[in-house]
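Below is model.txt, which holds compact mmCIF, C-alpha atoms.
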```txt
# COMPACT_ATOMS: atom_id res chain seq x y z
CA MET A 22 5.47 -3.43 -16.65
CA HIS A 23 7.33 -0.20 -15.92
CA ARG A 24 9.52 -0.04 -12.82
CA ARG A 25 10.38 2.98 -10.72
CA LYS A 26 13.39 3.36 -8.49
CA ILE A 27 13.21 4.38 -4.85
CA PRO A 28 15.93 7.07 -4.82
CA HIS A 29 19.17 6.44 -2.92
CA THR A 30 18.36 2.71 -2.62
CA PRO A 31 18.92 -0.35 -4.83
CA VAL A 32 15.18 -1.06 -4.88
CA GLU A 33 13.03 -0.77 -7.98
CA VAL A 34 9.31 -1.51 -7.81
CA THR A 35 6.86 -2.18 -10.61
CA GLU A 36 4.28 0.56 -10.93
CA LEU A 37 1.55 -1.81 -9.82
CA GLY A 38 1.99 -3.78 -6.61
CA PHE A 39 0.22 -6.83 -5.17
CA GLY A 40 -1.29 -6.11 -1.76
CA ALA A 41 -1.44 -9.39 0.14
CA SER A 42 -3.70 -8.37 3.03
CA VAL A 43 -6.76 -9.94 1.40
CA ILE A 44 -5.09 -13.34 0.95
CA GLY A 45 -4.71 -13.30 4.74
CA ASN A 46 -8.50 -13.79 4.83
CA LEU A 47 -9.36 -10.13 5.28
CA TYR A 48 -13.14 -9.93 5.93
CA ARG A 49 -13.77 -13.36 4.42
CA VAL A 50 -12.03 -16.64 3.68
CA THR A 51 -9.88 -16.87 0.58
CA ALA A 52 -9.20 -20.45 -0.46
CA PRO A 53 -5.50 -21.39 -0.65
CA GLN A 54 -5.87 -22.22 -4.34
CA ALA A 55 -7.41 -18.83 -5.08
CA ALA A 56 -4.64 -17.01 -3.23
CA ALA A 57 -1.96 -18.93 -5.12
CA ALA A 58 -3.74 -18.31 -8.43
CA ALA A 59 -3.90 -14.57 -7.72
CA ILE A 60 -0.16 -14.40 -7.10
CA ASP A 61 0.52 -16.48 -10.23
CA ALA A 62 -1.68 -14.13 -12.28
CA ALA A 63 0.15 -11.10 -10.91
CA TRP A 64 3.48 -12.64 -11.80
CA ASP A 65 2.32 -13.54 -15.30
CA ALA A 66 1.15 -9.94 -15.78
CA GLY A 67 4.56 -8.56 -14.86
CA VAL A 68 3.86 -7.46 -11.27
CA ARG A 69 7.06 -7.81 -9.26
CA TYR A 70 6.28 -5.93 -6.06
CA PHE A 71 4.45 -7.79 -3.29
CA ASP A 72 3.47 -6.31 0.08
CA THR A 73 2.52 -8.21 3.21
CA ALA A 74 2.65 -7.94 7.03
CA PRO A 75 2.44 -10.13 10.15
CA HIS A 76 -0.83 -8.35 10.98
CA TYR A 77 -2.53 -9.74 7.87
CA GLY A 78 -4.24 -12.91 9.00
CA LEU A 79 -1.89 -13.38 11.96
CA GLY A 80 0.87 -14.50 9.60
CA LEU A 81 -1.32 -16.27 7.03
CA SER A 82 -0.63 -13.67 4.34
CA GLU A 83 3.13 -13.98 4.81
CA ARG A 84 3.00 -17.78 4.67
CA ARG A 85 0.88 -17.83 1.54
CA LEU A 86 2.96 -15.21 -0.24
CA GLY A 87 6.22 -16.93 0.61
CA ALA A 88 4.94 -20.31 -0.58
CA ALA A 89 3.83 -18.83 -3.90
CA LEU A 90 7.11 -17.03 -4.52
CA CYS A 91 9.53 -19.67 -3.25
CA ASP A 92 10.32 -21.08 -6.70
CA ARG A 93 10.62 -17.68 -8.44
CA PRO A 94 14.05 -16.15 -9.14
CA ARG A 95 14.70 -14.09 -6.02
CA GLU A 96 16.45 -11.27 -7.84
CA GLN A 97 13.37 -10.67 -10.00
CA PHE A 98 10.90 -9.56 -7.33
CA VAL A 99 10.59 -7.15 -4.42
CA VAL A 100 8.85 -8.02 -1.15
CA SER A 101 7.95 -5.64 1.63
CA SER A 102 6.71 -6.53 5.07
CA LYS A 103 6.20 -4.61 8.27
CA VAL A 104 7.25 -4.40 11.89
CA GLY A 105 5.54 -3.08 15.01
CA ARG A 106 3.11 -5.90 15.74
CA LEU A 107 4.68 -9.05 17.11
CA LEU A 108 2.64 -12.24 17.00
CA VAL A 109 2.56 -13.88 20.43
CA PRO A 110 0.51 -16.71 21.99
CA ASN A 111 -3.05 -15.69 22.83
CA GLU A 112 -3.79 -16.56 26.43
CA HIS A 113 -7.53 -16.06 25.97
CA PRO A 114 -8.56 -17.27 22.50
CA ARG A 115 -12.20 -17.03 21.45
CA GLY A 116 -11.86 -18.97 18.23
CA VAL A 117 -11.68 -16.24 15.58
CA ASP A 118 -9.49 -13.16 15.20
CA ASP A 119 -11.25 -9.93 16.16
CA GLU A 120 -9.32 -7.54 13.87
CA GLY A 121 -11.03 -8.25 10.59
CA PHE A 122 -9.33 -11.46 9.49
CA VAL A 123 -11.19 -14.76 9.31
CA VAL A 124 -8.51 -16.89 10.98
CA GLY A 125 -8.10 -18.68 14.28
CA ASP A 126 -6.87 -16.58 17.19
CA ASP A 127 -4.29 -18.85 18.79
CA LEU A 128 -1.98 -15.87 18.32
CA ARG A 129 -2.52 -12.20 19.11
CA ARG A 130 -0.78 -8.98 18.11
CA GLN A 131 1.49 -7.17 20.55
CA TRP A 132 2.71 -3.65 19.79
CA ASP A 133 6.50 -3.44 19.88
CA PHE A 134 8.67 -0.87 18.11
CA SER A 135 11.72 -1.59 20.26
CA ARG A 136 15.05 -2.60 18.77
CA ASP A 137 14.63 -6.20 19.94
CA GLY A 138 11.01 -6.25 18.75
CA VAL A 139 11.98 -5.10 15.26
CA LEU A 140 14.75 -7.68 14.94
CA ARG A 141 12.49 -10.44 16.23
CA SER A 142 9.68 -9.42 13.89
CA ILE A 143 11.93 -9.51 10.82
CA GLU A 144 13.35 -12.89 11.82
CA GLU A 145 9.87 -14.34 12.26
CA THR A 146 8.68 -12.90 8.96
CA LEU A 147 11.62 -14.54 7.18
CA GLU A 148 10.69 -17.83 8.83
CA ARG A 149 7.05 -17.56 7.78
CA THR A 150 7.81 -16.52 4.20
CA GLY A 151 10.83 -18.74 3.70
CA LEU A 152 12.60 -15.81 2.04
CA ASP A 153 16.27 -15.04 2.52
CA ARG A 154 15.67 -11.29 2.86
CA LEU A 155 13.14 -8.48 2.77
CA ASP A 156 13.62 -5.71 0.24
CA ILE A 157 11.55 -3.08 2.04
CA VAL A 158 10.53 -2.93 5.70
CA TYR A 159 7.88 -0.50 6.92
CA LEU A 160 6.94 0.51 10.45
CA HIS A 161 3.29 -0.52 10.59
CA ASP A 162 0.76 1.99 11.95
CA PRO A 163 3.00 3.66 14.54
CA ASP A 164 0.33 6.36 15.21
CA ASP A 165 0.49 6.01 19.01
CA HIS A 166 4.18 5.07 19.15
CA TRP A 167 6.04 7.94 17.51
CA ARG A 168 8.84 8.23 20.03
CA GLN A 169 9.78 4.55 20.13
CA ALA A 170 9.26 4.15 16.38
CA ALA A 171 11.46 7.15 15.56
CA ASP A 172 14.11 6.64 18.23
CA GLU A 173 14.43 2.83 18.30
CA ALA A 174 12.75 1.14 15.36
CA MET A 175 13.92 3.40 12.54
CA PRO A 176 17.58 3.46 13.64
CA VAL A 177 17.78 -0.34 13.73
CA LEU A 178 16.20 -0.50 10.27
CA ALA A 179 18.79 2.02 9.10
CA GLU A 180 21.55 -0.22 10.48
CA LEU A 181 20.17 -3.21 8.59
CA ARG A 182 19.97 -1.10 5.43
CA ALA A 183 23.59 -0.02 5.86
CA GLN A 184 24.59 -3.66 6.22
CA GLY A 185 22.77 -4.53 2.99
CA VAL A 186 20.27 -6.75 4.80
CA ILE A 187 17.35 -4.52 3.74
CA GLY A 188 17.16 -2.43 0.60
CA ALA A 189 14.82 0.36 1.74
CA ILE A 190 13.02 1.39 4.93
CA GLY A 191 10.00 3.46 5.81
CA ALA A 192 6.58 3.56 7.47
CA GLY A 193 3.03 2.78 6.44
CA MET A 194 -0.05 4.51 7.85
CA ASN A 195 -3.58 5.72 7.15
CA GLN A 196 -2.61 9.29 8.02
CA SER A 197 -0.24 11.58 6.19
CA ALA A 198 0.99 14.04 8.83
CA MET A 199 3.16 11.58 10.75
CA LEU A 200 4.44 10.05 7.53
CA ALA A 201 5.71 13.51 6.62
CA ARG A 202 7.60 13.57 9.93
CA PHE A 203 9.17 10.22 9.17
CA LEU A 204 10.38 11.55 5.83
CA ARG A 205 11.71 14.79 7.30
CA GLU A 206 13.08 13.61 10.64
CA THR A 207 14.22 10.00 10.19
CA ALA A 208 16.21 7.79 7.82
CA ALA A 209 13.06 6.62 5.97
CA ASP A 210 13.40 6.17 2.20
CA VAL A 211 9.76 5.56 1.34
CA VAL A 212 6.34 5.67 2.97
CA MET A 213 3.20 3.68 2.28
CA LEU A 214 0.30 6.12 2.24
CA ALA A 215 -3.17 4.62 2.67
CA GLY A 216 -6.19 6.46 1.31
CA ARG A 217 -4.91 10.02 1.63
CA TYR A 218 -4.05 10.69 -2.00
CA THR A 219 -7.03 9.61 -4.05
CA LEU A 220 -9.63 11.17 -6.30
CA LEU A 221 -11.70 11.85 -3.17
CA ASP A 222 -8.99 12.82 -0.67
CA GLN A 223 -5.91 14.87 -1.55
CA SER A 224 -4.96 15.82 2.00
CA ALA A 225 -1.47 14.39 1.46
CA LEU A 226 -0.73 17.48 -0.65
CA ASP A 227 -0.53 19.39 2.62
CA ASP A 228 2.26 17.37 4.19
CA VAL A 229 3.67 14.03 3.06
CA LEU A 230 3.87 14.64 -0.69
CA PRO A 231 5.75 17.96 -0.44
CA ALA A 232 7.97 16.42 2.23
CA ALA A 233 8.80 13.52 -0.09
CA GLN A 234 9.63 15.93 -2.90
CA ALA A 235 11.75 18.15 -0.69
CA GLN A 236 13.69 15.19 0.72
CA GLY A 237 14.03 13.31 -2.58
CA LYS A 238 12.09 10.37 -1.15
CA SER A 239 9.21 8.24 -2.36
CA VAL A 240 5.58 7.38 -1.71
CA VAL A 241 3.76 4.10 -2.33
CA ALA A 242 0.03 4.80 -2.64
CA VAL A 243 -2.48 2.26 -1.31
CA GLY A 244 -6.20 2.42 -0.65
CA VAL A 245 -6.72 4.33 -3.89
CA PHE A 246 -10.31 3.06 -4.15
CA ASN A 247 -11.07 4.42 -0.65
CA SER A 248 -12.47 1.04 0.47
CA GLY A 249 -14.54 0.56 -2.66
CA LEU A 250 -16.34 3.78 -3.57
CA LEU A 251 -13.97 4.39 -6.49
CA SER A 252 -13.81 0.76 -7.62
CA ARG A 253 -16.81 0.73 -9.96
CA ASP A 254 -17.63 2.65 -13.11
CA ARG A 255 -20.83 4.00 -11.51
CA PRO A 256 -20.71 4.49 -7.72
CA ALA A 257 -23.86 3.57 -5.82
CA GLU A 258 -25.40 4.14 -2.42
CA GLY A 259 -24.30 1.55 0.13
CA MET A 260 -20.71 1.37 -1.09
CA LYS A 261 -17.90 1.80 1.42
CA TYR A 262 -15.64 4.80 1.95
CA ASP A 263 -12.72 4.35 4.36
CA TYR A 264 -14.31 1.19 5.82
CA GLN A 265 -17.68 2.87 6.55
CA ASP A 266 -20.84 3.37 4.52
CA ALA A 267 -20.09 6.21 2.11
CA PRO A 268 -21.82 9.51 2.93
CA THR A 269 -24.31 10.66 0.31
CA ASP A 270 -22.28 13.74 -0.60
CA LEU A 271 -19.22 11.62 -1.37
CA VAL A 272 -21.28 9.21 -3.47
CA ARG A 273 -22.58 12.21 -5.40
CA ARG A 274 -19.06 13.56 -5.89
CA ALA A 275 -17.75 10.16 -7.00
CA ARG A 276 -20.57 9.97 -9.56
CA ALA A 277 -19.67 13.41 -10.87
CA ILE A 278 -16.04 12.34 -11.27
CA ALA A 279 -17.22 9.17 -13.03
CA GLU A 280 -19.24 11.23 -15.51
CA VAL A 281 -16.19 13.33 -16.39
CA CYS A 282 -14.14 10.16 -16.81
CA GLU A 283 -16.73 8.79 -19.23
CA ARG A 284 -16.61 11.96 -21.30
CA TYR A 285 -12.84 11.55 -21.55
CA GLY A 286 -13.18 7.94 -22.67
CA THR A 287 -12.08 6.25 -19.47
CA THR A 288 -13.60 4.92 -16.24
CA LEU A 289 -13.58 5.90 -12.60
CA PRO A 290 -11.49 2.93 -11.37
CA ALA A 291 -8.95 3.38 -14.16
CA ALA A 292 -8.61 7.04 -13.21
CA ALA A 293 -8.38 6.14 -9.51
CA ILE A 294 -5.38 3.91 -10.19
CA ALA A 295 -3.71 6.43 -12.48
CA PHE A 296 -4.33 9.51 -10.34
CA PRO A 297 -1.49 9.13 -7.79
CA PHE A 298 1.11 8.74 -10.55
CA ALA A 299 0.56 12.32 -11.66
CA HIS A 300 2.52 13.33 -8.55
CA PRO A 301 6.28 12.96 -9.02
CA ALA A 302 6.88 11.51 -5.55
CA VAL A 303 4.65 8.46 -6.15
CA VAL A 304 6.51 5.39 -7.40
CA ASN A 305 3.86 2.70 -7.01
CA VAL A 306 0.19 1.96 -6.48
CA THR A 307 -0.43 -1.26 -4.57
CA LEU A 308 -3.86 -2.90 -4.71
CA GLY A 309 -5.31 -5.69 -2.62
CA MET A 310 -6.06 -8.55 -5.01
CA ARG A 311 -7.82 -11.69 -3.82
CA THR A 312 -8.33 -13.61 -7.06
CA ALA A 313 -6.78 -14.03 -10.47
CA GLU A 314 -9.80 -12.24 -11.94
CA GLN A 315 -9.20 -9.20 -9.75
CA VAL A 316 -5.56 -9.17 -10.79
CA SER A 317 -6.46 -9.27 -14.49
CA ARG A 318 -8.97 -6.45 -14.09
CA ASN A 319 -6.58 -4.21 -12.16
CA VAL A 320 -3.68 -4.81 -14.53
CA GLU A 321 -5.95 -3.95 -17.46
CA LEU A 322 -7.19 -0.79 -15.71
CA HIS A 323 -3.62 0.26 -14.97
CA ALA A 324 -2.66 -0.19 -18.61
CA ARG A 325 -5.41 2.09 -19.93
CA PRO A 326 -4.14 5.46 -21.15
CA ILE A 327 -5.64 8.41 -19.31
CA PRO A 328 -6.15 11.62 -21.36
CA ASP A 329 -3.88 14.38 -20.09
CA GLY A 330 -6.78 16.81 -19.86
CA LEU A 331 -8.80 14.73 -17.40
CA TRP A 332 -7.13 16.06 -14.25
CA ASP A 333 -7.39 19.63 -15.48
CA GLU A 334 -11.11 19.18 -16.15
CA LEU A 335 -11.71 17.65 -12.71
CA SER A 336 -9.82 20.54 -11.14
CA ALA A 337 -11.73 23.13 -13.15
CA GLN A 338 -15.01 21.64 -11.92
CA GLY A 339 -13.83 21.66 -8.31
CA LEU A 340 -13.95 17.87 -8.09
CA ILE A 341 -10.27 17.63 -7.13
CA ARG A 342 -8.00 20.24 -5.60
CA ALA A 343 -6.61 22.98 -7.80
CA ASP A 344 -3.03 22.23 -6.68
CA VAL A 345 -3.08 18.61 -7.88
CA PRO A 346 -0.26 18.10 -10.40
CA THR A 347 -1.53 17.34 -13.86
CA ALA A 348 -0.29 14.32 -15.75
CA SER A 349 2.54 14.55 -18.24
CA GLU A 350 5.53 12.46 -19.11
CA GLU A 351 7.86 14.95 -17.49
CA ARG A 352 6.15 14.23 -14.19
CA HIS A 353 6.92 10.52 -14.40
CA PRO A 354 10.62 10.31 -13.44
CA ARG A 355 12.50 7.26 -12.27
CA ARG A 356 10.97 4.85 -14.77
CA SER A 357 13.25 2.15 -16.05
```
Take the structure from the file and write it as structure tokens.
Amino acid sequence: MHRRKIPHTPVEVTELGFGASVIGNLYRVTAPQAAAAAIDAAWDAGVRYFDTAPHYGLGLSERRLGAALCDRPREQFVVSSKVGRLLVPNEHPRGVDDEGFVVGDDLRRQWDFSRDGVLRSIEETLERTGLDRLDIVYLHDPDDHWRQAADEAMPVLAELRAQGVIGAIGAGMNQSAMLARFLRETAADVVMLAGRYTLLDQSALDDVLPAAQAQGKSVVAVGVFNSGLLSRDRPAEGMKYDYQDAPTDLVRRARAIAEVCERYGTTLPAAAIAFPFAHPAVVNVTLGMRTAEQVSRNVELHARPIPDGLWDELSAQGLIRADVPTASEERHPRRS
């Protein structure tokens, strides 16, 4: 699988990444064997970038990912995790986590973007994963914590990067405007952009993507299916868009995009995975993958060639923005 380099860092990521939130029991239980099989399938398919976070299953995702990777050659894969939510004892447990993960709630999340909080979070992640280092560290959802995240958390990450402890640093969010600020105003190398550069939402063209280009920095795209609406060949009523029931107008638009994809000999989910790569700042698309079957499907979708004229046709029909870059080899730098 092709790799792309995050500029000005030693880190190279495979074009497709393994998002480990779902193996932290996001929304429903994932059996340990299924989680391990998914990671094995990703490895066998050539995926070498794995993303996790303390938030995902109150540490379960990190533990499962670390256990599955512990016998792999460390120099062959890249792992990212996140800081900003410390896991601390829960003084008032109710039995089950209340933030979307089907796990016990003996622990709770505590926001902390301080210097000490960042260092503690990284140390605890290394303990949970059993890894000797993290290749990328993101600030996780610092929406309400800009000042502390920019003034305390990012500088300590930059120190660790300078010491060679971390390869690359950045932030991950569901919005694009603040990510653009991180790229312009801090030492961030890369940002993880969730759901804001997809076939249904190109708002990142207004801020974070031009900022990344101007600064020579990178974007990892996640949430490219917008919570599911773009994940099937034929979108249907009742599917989710950004964690809510998809509005009828968006379902109609997704169907129209799917029809164009069919005429060009491809499918909506294959186009959804390929779409972010047409922008030169995007180095990776990371997908949540719960089972080996999901891994196989996504790897196969990623491998499908997308006709160059598809994006132009979607733009001409007003189904995507007119300023979306169209796909060509010259717009795919940093492959190796």
*Give the answer as one residue: which of A:Met22, A:Ile27, A:Ile341, A:Leu47 has the shortest atom-to-atom distance to Gly237 of chain A, using all atoms listed in the file?*
A:Ile27
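Between Leu340 of chain A and the residues A:Ala293, A:Leu221, A:Cys282, A:Ile327, the shortest atom-to-atom distance, using only C-alpha atoms, involves A:Leu221.
Note that the spacing between atom CA of Thr347 of chain A and atom CA of Arg274 of chain A amounts to 19.6 Å.
The spacing separating atom CA of Gln236 of chain A from atom CA of Gly191 of chain A amounts to 13.3 Å.
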*Taking all atoms listed in the file into account, which of A:Ser82, A:Gln131, A:Gln196, A:Thr73 comes nearest Val158 of chain A?*
A:Thr73
*May I ask which of the residues A:Gln169, A:Thr219, A:Ser102, A:Gln338 is the closest one to Gly80 of chain A, counting all atoms listed in the file?*
A:Ser102
*Test item: residues at most 6 Å from Phe122 of chain A, all atoms listed in the file, excluding those fewer than 3 positions along its chain, as an MDAnalysis selection string*: chainID A and resid 46:48 78 118
Give me, as a compact mmCIF listing (two decimals) with C-alpha atoms, keeping the file's coordinate frame, all polymer residues having an atom no more than 6 Å from segment 305-321 of chain A, counting all atoms listed in the file and skipping those fewer than 6 positions away in the same chain.
```txt
# COMPACT_ATOMS: atom_id res chain seq x y z
CA GLU A 36 4.28 0.56 -10.93
CA LEU A 37 1.55 -1.81 -9.82
CA GLY A 38 1.99 -3.78 -6.61
CA PHE A 39 0.22 -6.83 -5.17
CA GLY A 40 -1.29 -6.11 -1.76
CA VAL A 43 -6.76 -9.94 1.40
CA ILE A 44 -5.09 -13.34 0.95
CA ALA A 55 -7.41 -18.83 -5.08
CA ALA A 58 -3.74 -18.31 -8.43
CA ALA A 59 -3.90 -14.57 -7.72
CA ALA A 62 -1.68 -14.13 -12.28
CA VAL A 241 3.76 4.10 -2.33
CA ALA A 242 0.03 4.80 -2.64
CA VAL A 243 -2.48 2.26 -1.31
```
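Distances here use only C-alpha atoms; by that measure, the residue among A:Leu251, A:Ala232, A:Leu322, A:Leu226 closest to Arg342 of chain A is A:Leu226.
Picture a line from atom CA of Ala275 of chain A to atom CA of Asp72 of chain A; it runs 27.8 Å.
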Could you produce a table of the residues of segment 106-140 of chain A lying within 10 Å of segment 177-187 of chain A, with the nearest pair of atoms per residue and their separation in Å rounded to one decimal, using all atoms listed in the file, ordered by chain and increasing residue number, as a Markdown table?
```
| residue | atom | partner | partner_atom | distance |
| --- | --- | --- | --- | --- |
| A:Ser135 | CA | A:Val177 | CA | 9.0 |
| A:Arg136 | CA | A:Val177 | CA | 6.2 |
| A:Asp137 | CA | A:Val177 | CA | 9.1 |
| A:Val139 | CA | A:Val177 | CA | 7.7 |
| A:Leu140 | CA | A:Val177 | CA | 8.0 |
```
*Find the residues near Pro94 of chain A: any atom within 12 Å, counting only C-alpha atoms, skip ones fewer than 4 places away on the same chain, and give them as a VMD selection string.*
chain A and resid 64 69 89 to 90 98 to 99 152 to 153
*Compute the distance from (10.9, 13.5, 10.3) to each atom, counting only C-alpha atoms, keep the residues with any atom at most 12 Å away, and return them as a list in words; use the coordinates of the file.*
Trp167, Arg168, Ala170, Ala171, Asp172, Met175, Gly191, Ala192, Ala198, Met199, Leu200, Ala201, Arg202, Phe203, Leu204, Arg205, Glu206, Thr207, Ala208, Ala209, Asp210, Val212, Asp228, Val229, Ala232, Ala233, Ala235, Gln236 and Lys238 of chain A
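Counting all atoms listed in the file, the residue from A:Pro256, A:Gly105, A:Pro110, A:Gly45 that sits nearest to Asp162 of chain A is A:Gly105.
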